[in-house]
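Visitor: My questions all concern the structure below.
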Amino acid sequence: MLRFVALLLLAVPISQFAQTHSKRVAKKTAAKTTDTSQWPIETLSVEGNQNYSKEQILAASGLKLGQIASKSDFEAARDRLNATGLFETVGYRFTPAEDAKGYSASFQVVEVAPLYPMQFEGLPVKPAEINAWLKSKDPLYIAKLPGTKEVLARYTGLVQEFLASRNQTEKVAGRVVPTGPDQFAVMFRSAKPLPTIAQVKFTGNQVLSTAVLQNKISEVAIGFPYTDAGFRTLLEHAIRPLYEARGRVNVKFLKVATEKSPGIDGLLVTVALDEGPEYKLTEVGFSGKYAAKSTELLKIGKFKTGDVANFDQVQEGIDSIKNRLRRQGFLRADAAIERKIHDNAKTVDVVMRIEEGPQYNFGKLTVEGLDLNNEAGIRKLWSLKEGQPFDAEYPDYFLNRIRQENMFENLHSSKASNKVNEQAHLVDVTLEFR
């Protein structure tokens with residue numbers, strides 16, 4: 001009987017349980033037993049995770065199915081996840097399982113974002129060895145990290161620990177570095193100061209002029225600390241897209257050489273290019289569940305098959321498809337593309353796999369800065385209903401309509417902001433008028 005009562009008490013919300021428990025402390029009754037009661041964990045789940053798998057999160061929590069646990073064990077598991085620095089928030093709940101013989105438990109997480117790819121440069125070990133070691137040390141390792149101070153410090157310490165295990169005394173520095181326009185990586189490298197890039201030259205180019213190439217690379221490279229891997233990443237992000245917009249999908253950066261720049265403090269970097277032949281785009285297709293919707297998606301993307309393979313236009317088509325999905329509530333929609341290059345025919349096919357992610361619904365509307373009568377008018381015009389799939393473009397569209405119709409004589413500004421509930425997949429909208 002006591003077993004059944006204890007499990008029922010665990011079903012009470014935590015706030016209620018704490019209140020009930022505090023009232024009974026003086027009496028030292030069964031409530032104290034409930035707080036420390038231990039039962040086997042029958043089910044474990046994770047909600048809200050995006051980048052880390054359920055298995056990774058549960059491994060990092062330290063809890064296992066079948067483990068005898070109490071509330072203090074769940075709190076300790078939550079603290080272990082918080083200590084990783086990879087989560088904005090971590091919550092947990094546990095209730096009696098269906099057979100009333102144990103716990104059904106879950107964690108609710110919100111991950112720190114964005115994540116940046118990890119790179120290793122100038123260290124006296126191979127990057128593959130560091131990756132393997134980090135994976136053995138951290139169950140949440142995915143070769144990507146947020147750029148927070150706490151996470152960088154923890155992983156710098158781990159890389160330093162690995163070097164020490166190999167009898168290497170190289171001091172490690174970890175920081176977020178730019179790798180291209182709006183592109184970043186988490187770089188772990190020797191703490192020794194690096195020479196910076198002062199000039200960049202290109203050889204072997206004919207399709208694109210030297211001036212075009214130099215202007216583009218200068219936007220991201222001049223003044224940048226030089227490493228071979230880092231500079232080649234800049235070439236991939238800044239120069240390769242220029243060629244792929246002209247069908248040169250096999251452009252190669254054959255050689256990168258450095259020397260002291262004459263008359264300028266820094267390095268002169270010379271890049272030898274092989275621009276490669278021109279390729280045409282012959283076919284665009286879709287895999288997975290969206291293969292059946294290929295005709296509709298091709299119209300949305302406006303892909304130009306039969307023409308020069310312009311991957312700027314291909315990306316614009318992908319963005320159009322993603323925007324359409326965002327209007328249907330799939331806010332995290334993404335697309336991965338696979339290229340099939342046919343060197344003999346000088347053609348390239350593209351196959352896309354769309355990952356729509358969870359569908360978000362509209363939650364509630366908040367209006368700020370208006371009197372009650374005008375707020376009522378705004379709410380009457382707002383057509384997005386609670387519980388409907390959230391159209392990501394609708395709030396800005398709605399405000400533009402308000403401005404175009406000059407509904408308010410003294411309106412100076414207005415803006416829309418969204419609050420996303422990742423666990424419930426709801427989006428609340430606030431319209432602010434000034």
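The chains in the structure tokens are called A, B, ... from first to last as shown; in each chain the residues are counted from 1, and the ligands are counted from 1 in the order shown.
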Would you list the contacts of Glu278 of chain A as a CSV table (one decimal) with N, CA and C atoms, in the first residue's frame, taking every protein, DNA or RNA residue within 9 Å and counting only C-alpha atoms, but skipping same-chain residues closer than 4 positions in sequence?
Guide:
chain,number,residue,atom,x,y,z
A,246,ARG,N,29.3,30.1,-62.6
A,246,ARG,CA,29.6,30.1,-64.1
A,246,ARG,C,29.8,28.7,-64.6
A,247,GLY,N,29.3,27.7,-63.9
A,247,GLY,CA,29.4,26.3,-64.3
A,247,GLY,C,30.7,25.7,-64.2
A,248,ARG,N,31.6,26.3,-63.5
A,248,ARG,CA,33.0,25.7,-63.3
A,248,ARG,C,33.0,25.0,-62.0
A,249,VAL,N,32.3,23.8,-62.0
A,249,VAL,CA,32.1,23.1,-60.7
A,249,VAL,C,33.4,22.3,-60.3
A,250,ASN,N,34.4,22.2,-61.2
A,250,ASN,CA,35.6,21.5,-60.8
A,250,ASN,C,36.8,22.4,-60.7
A,308,VAL,N,23.8,26.7,-68.3
A,308,VAL,CA,25.1,26.6,-67.5
A,308,VAL,C,24.7,26.3,-66.1
A,309,ALA,N,25.4,25.4,-65.4
A,309,ALA,CA,25.1,25.1,-64.0
A,309,ALA,C,25.5,26.3,-63.1
A,346,LYS,N,30.3,16.7,-69.4
A,346,LYS,CA,30.4,18.0,-68.9
A,346,LYS,C,29.0,18.5,-68.4
A,347,THR,N,28.3,17.6,-67.7
A,347,THR,CA,27.0,18.0,-67.1
A,347,THR,C,27.0,17.6,-65.6
Visitor: Would you give me, as CSV, each residue of segment 65-134 of chain A having an atom within 12 Å of an atom of segment 218-230 of chain A, along with its shortest atom pair and that distance in Å to one decimal, using only C-alpha atoms and sorting by chain and residue number?
Guide:
residue,atom,partner,partner_atom,distance
A:Met118,CA,A:Gly230,CA,11.6
A:Gln119,CA,A:Ala229,CA,8.7
A:Phe120,CA,A:Ala229,CA,8.8
A:Glu121,CA,A:Ala229,CA,7.1
A:Gly122,CA,A:Thr227,CA,7.8
A:Leu123,CA,A:Thr227,CA,11.5
A:Pro127,CA,A:Ala229,CA,11.6
Visitor: Within 8 Å of segment 268-274 of chain A, counting only C-alpha atoms, which residues qualify if same-chain residues fewer than 5 places away don't, as a PyMOL selection string?
Guide: chain A and resi 197-205+251-262
Visitor: Take the residues that were just selected and, keeping C-alpha atoms, output them as a PDB file, in the first residue's frame.
Guide:
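Listing of part36.pdb after writing:
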ATOM      1  CA  ILE A 197      47.734  38.012 -44.667  1.00  0.00           C
ATOM      2  CA  ALA A 198      48.710  41.293 -46.332  1.00  0.00           C
ATOM      3  CA  GLN A 199      48.255  40.493 -50.052  1.00  0.00           C
ATOM      4  CA  VAL A 200      46.768  37.725 -52.223  1.00  0.00           C
ATOM      5  CA  LYS A 201      47.678  36.982 -55.853  1.00  0.00           C
ATOM      6  CA  PHE A 202      46.138  34.502 -58.323  1.00  0.00           C
ATOM      7  CA  THR A 203      47.703  32.711 -61.277  1.00  0.00           C
ATOM      8  CA  GLY A 204      46.131  30.546 -63.999  1.00  0.00           C
ATOM      9  CA  ASN A 205      42.833  32.471 -64.080  1.00  0.00           C
ATOM     10  CA  VAL A 251      37.691  24.549 -60.065  1.00  0.00           C
ATOM     11  CA  LYS A 252      40.830  23.551 -58.164  1.00  0.00           C
ATOM     12  CA  PHE A 253      43.189  25.481 -55.929  1.00  0.00           C
ATOM     13  CA  LEU A 254      46.341  23.680 -57.005  1.00  0.00           C
ATOM     14  CA  LYS A 255      48.921  25.362 -54.841  1.00  0.00           C
ATOM     15  CA  VAL A 256      49.031  27.960 -52.100  1.00  0.00           C
ATOM     16  CA  ALA A 257      52.448  29.554 -51.496  1.00  0.00           C
ATOM     17  CA  THR A 258      53.466  32.215 -48.986  1.00  0.00           C
ATOM     18  CA  GLU A 259      56.321  34.697 -48.719  1.00  0.00           C
ATOM     19  CA  LYS A 260      56.984  37.909 -46.855  1.00  0.00           C
ATOM     20  CA  SER A 261      55.036  40.718 -48.474  1.00  0.00           C
ATOM     21  CA  PRO A 262      57.372  43.384 -49.940  1.00  0.00           C
TER      22      PRO A 262
END
Visitor: List the neighbours of Leu58 of chain A out to 9 Å using only C-alpha atoms; skip same-chain residues closer than 3 positions along the sequence, and give me the result as a PyMOL selection string.
Guide: chain A and resi 44-46+53-55+61-64+77+107
Visitor: Please identify the strand (DSSP E) residues within segment 188-314 of chain A (assignment by DSSP from backbone atoms) and present them as a PyMOL selection string.
Guide: chain A and resi 188-190+197-203+252-260+267-274+280-287
Visitor: Would you mind listing what lies within 8 Å of Lys171 of chain A as a PyMOL selection string, with only C-alpha atoms counted and same-chain residues fewer than 2 positions away left out?
Guide: chain A and resi 160+169+173+190-192
Visitor: Give me the residues near Ser72 of chain A as a list in words, where near means some atom within 12 Å (using only C-alpha atoms) and where sequence neighbours in that chain fewer than 3 positions away do not count.
Guide: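 Answer for this query is Thr34, Asp35, Thr36, Ser37, Gln38, Leu63, Ile68, Ala69, Glu75, Ala76, Ala77, Arg78, Asp79, Tyr92 and Phe94 of chain A.
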Visitor: Could you build a table of the residues in segment 298-342 of chain A lying no more than 12 Å from segment 405-421 of chain A, giving for each the nearest pair of atoms and their separation in Å rounded to one decimal place, using only C-alpha atoms, ordered by chain and ascending residue number, as a tab-separated table?
Guide:
residue	atom	partner	partner_atom	distance
A:Gly329	CA	A:Val420	CA	11.7
A:Leu331	CA	A:Val420	CA	9.9
A:Arg332	CA	A:Val420	CA	11.6
Visitor: Next, write the just-selected residues to a file, as a PDB file, in the first residue's frame, keeping N, CA and C atoms as the atom set.
Guide:
ATOM      1  N   GLY A 329       4.705  26.547 -41.570  1.00  0.00           N
ATOM      2  CA  GLY A 329       5.001  26.234 -40.176  1.00  0.00           C
ATOM      3  C   GLY A 329       6.264  25.440 -39.960  1.00  0.00           C
ATOM      4  N   LEU A 331       9.546  25.837 -39.584  1.00  0.00           N
ATOM      5  CA  LEU A 331      10.517  26.905 -39.394  1.00  0.00           C
ATOM      6  C   LEU A 331      11.959  26.428 -39.514  1.00  0.00           C
ATOM      7  N   ARG A 332      12.212  25.166 -39.249  1.00  0.00           N
ATOM      8  CA  ARG A 332      13.583  24.643 -39.279  1.00  0.00           C
ATOM      9  C   ARG A 332      13.865  23.851 -40.567  1.00  0.00           C
TER      10      ARG A 332
END
Visitor: Per DSSP on the backbone, what are the helix (DSSP H, G or I) residues of segment 229-313 of chain A, as an NGL selection string?
Guide: :A and (229-238 or 240-244 or 288-301 or 311-313)
Visitor: Find the residues near Gln67 of chain A: any atom within 12 Å, counting only C-alpha atoms, skip ones fewer than 3 places away on the same chain, and give them as a PyMOL selection string.
Guide: chain A and resi 38-44+62-64+70+73-74+102-105
Visitor: What does the file look like for those residues with C-alpha atoms, as a short mmCIF file (atom, residue, chain, number, x, y, z; two decimals), in the first residue's frame?
Guide:
data_model
loop_
_atom_site.label_atom_id
_atom_site.label_comp_id
_atom_site.auth_asym_id
_atom_site.auth_seq_id
_atom_site.Cartn_x
_atom_site.Cartn_y
_atom_site.Cartn_z
CA GLN A 38 13.71 4.99 -5.00
CA TRP A 39 12.20 3.08 -7.90
CA PRO A 40 13.51 1.64 -11.15
CA ILE A 41 13.47 3.84 -14.26
CA GLU A 42 11.23 2.08 -16.78
CA THR A 43 11.24 4.69 -19.59
CA LEU A 44 13.56 7.59 -20.47
CA GLY A 62 24.34 9.38 -16.45
CA LEU A 63 20.91 7.76 -16.05
CA LYS A 64 20.07 4.34 -17.45
CA SER A 70 15.11 9.03 -6.62
CA ASP A 73 19.34 11.33 -9.03
CA PHE A 74 17.25 13.25 -11.56
CA GLY A 102 8.71 2.40 -11.47
CA TYR A 103 9.31 5.79 -13.09
CA SER A 104 8.54 7.14 -16.53
CA ALA A 105 11.04 10.00 -16.90
#
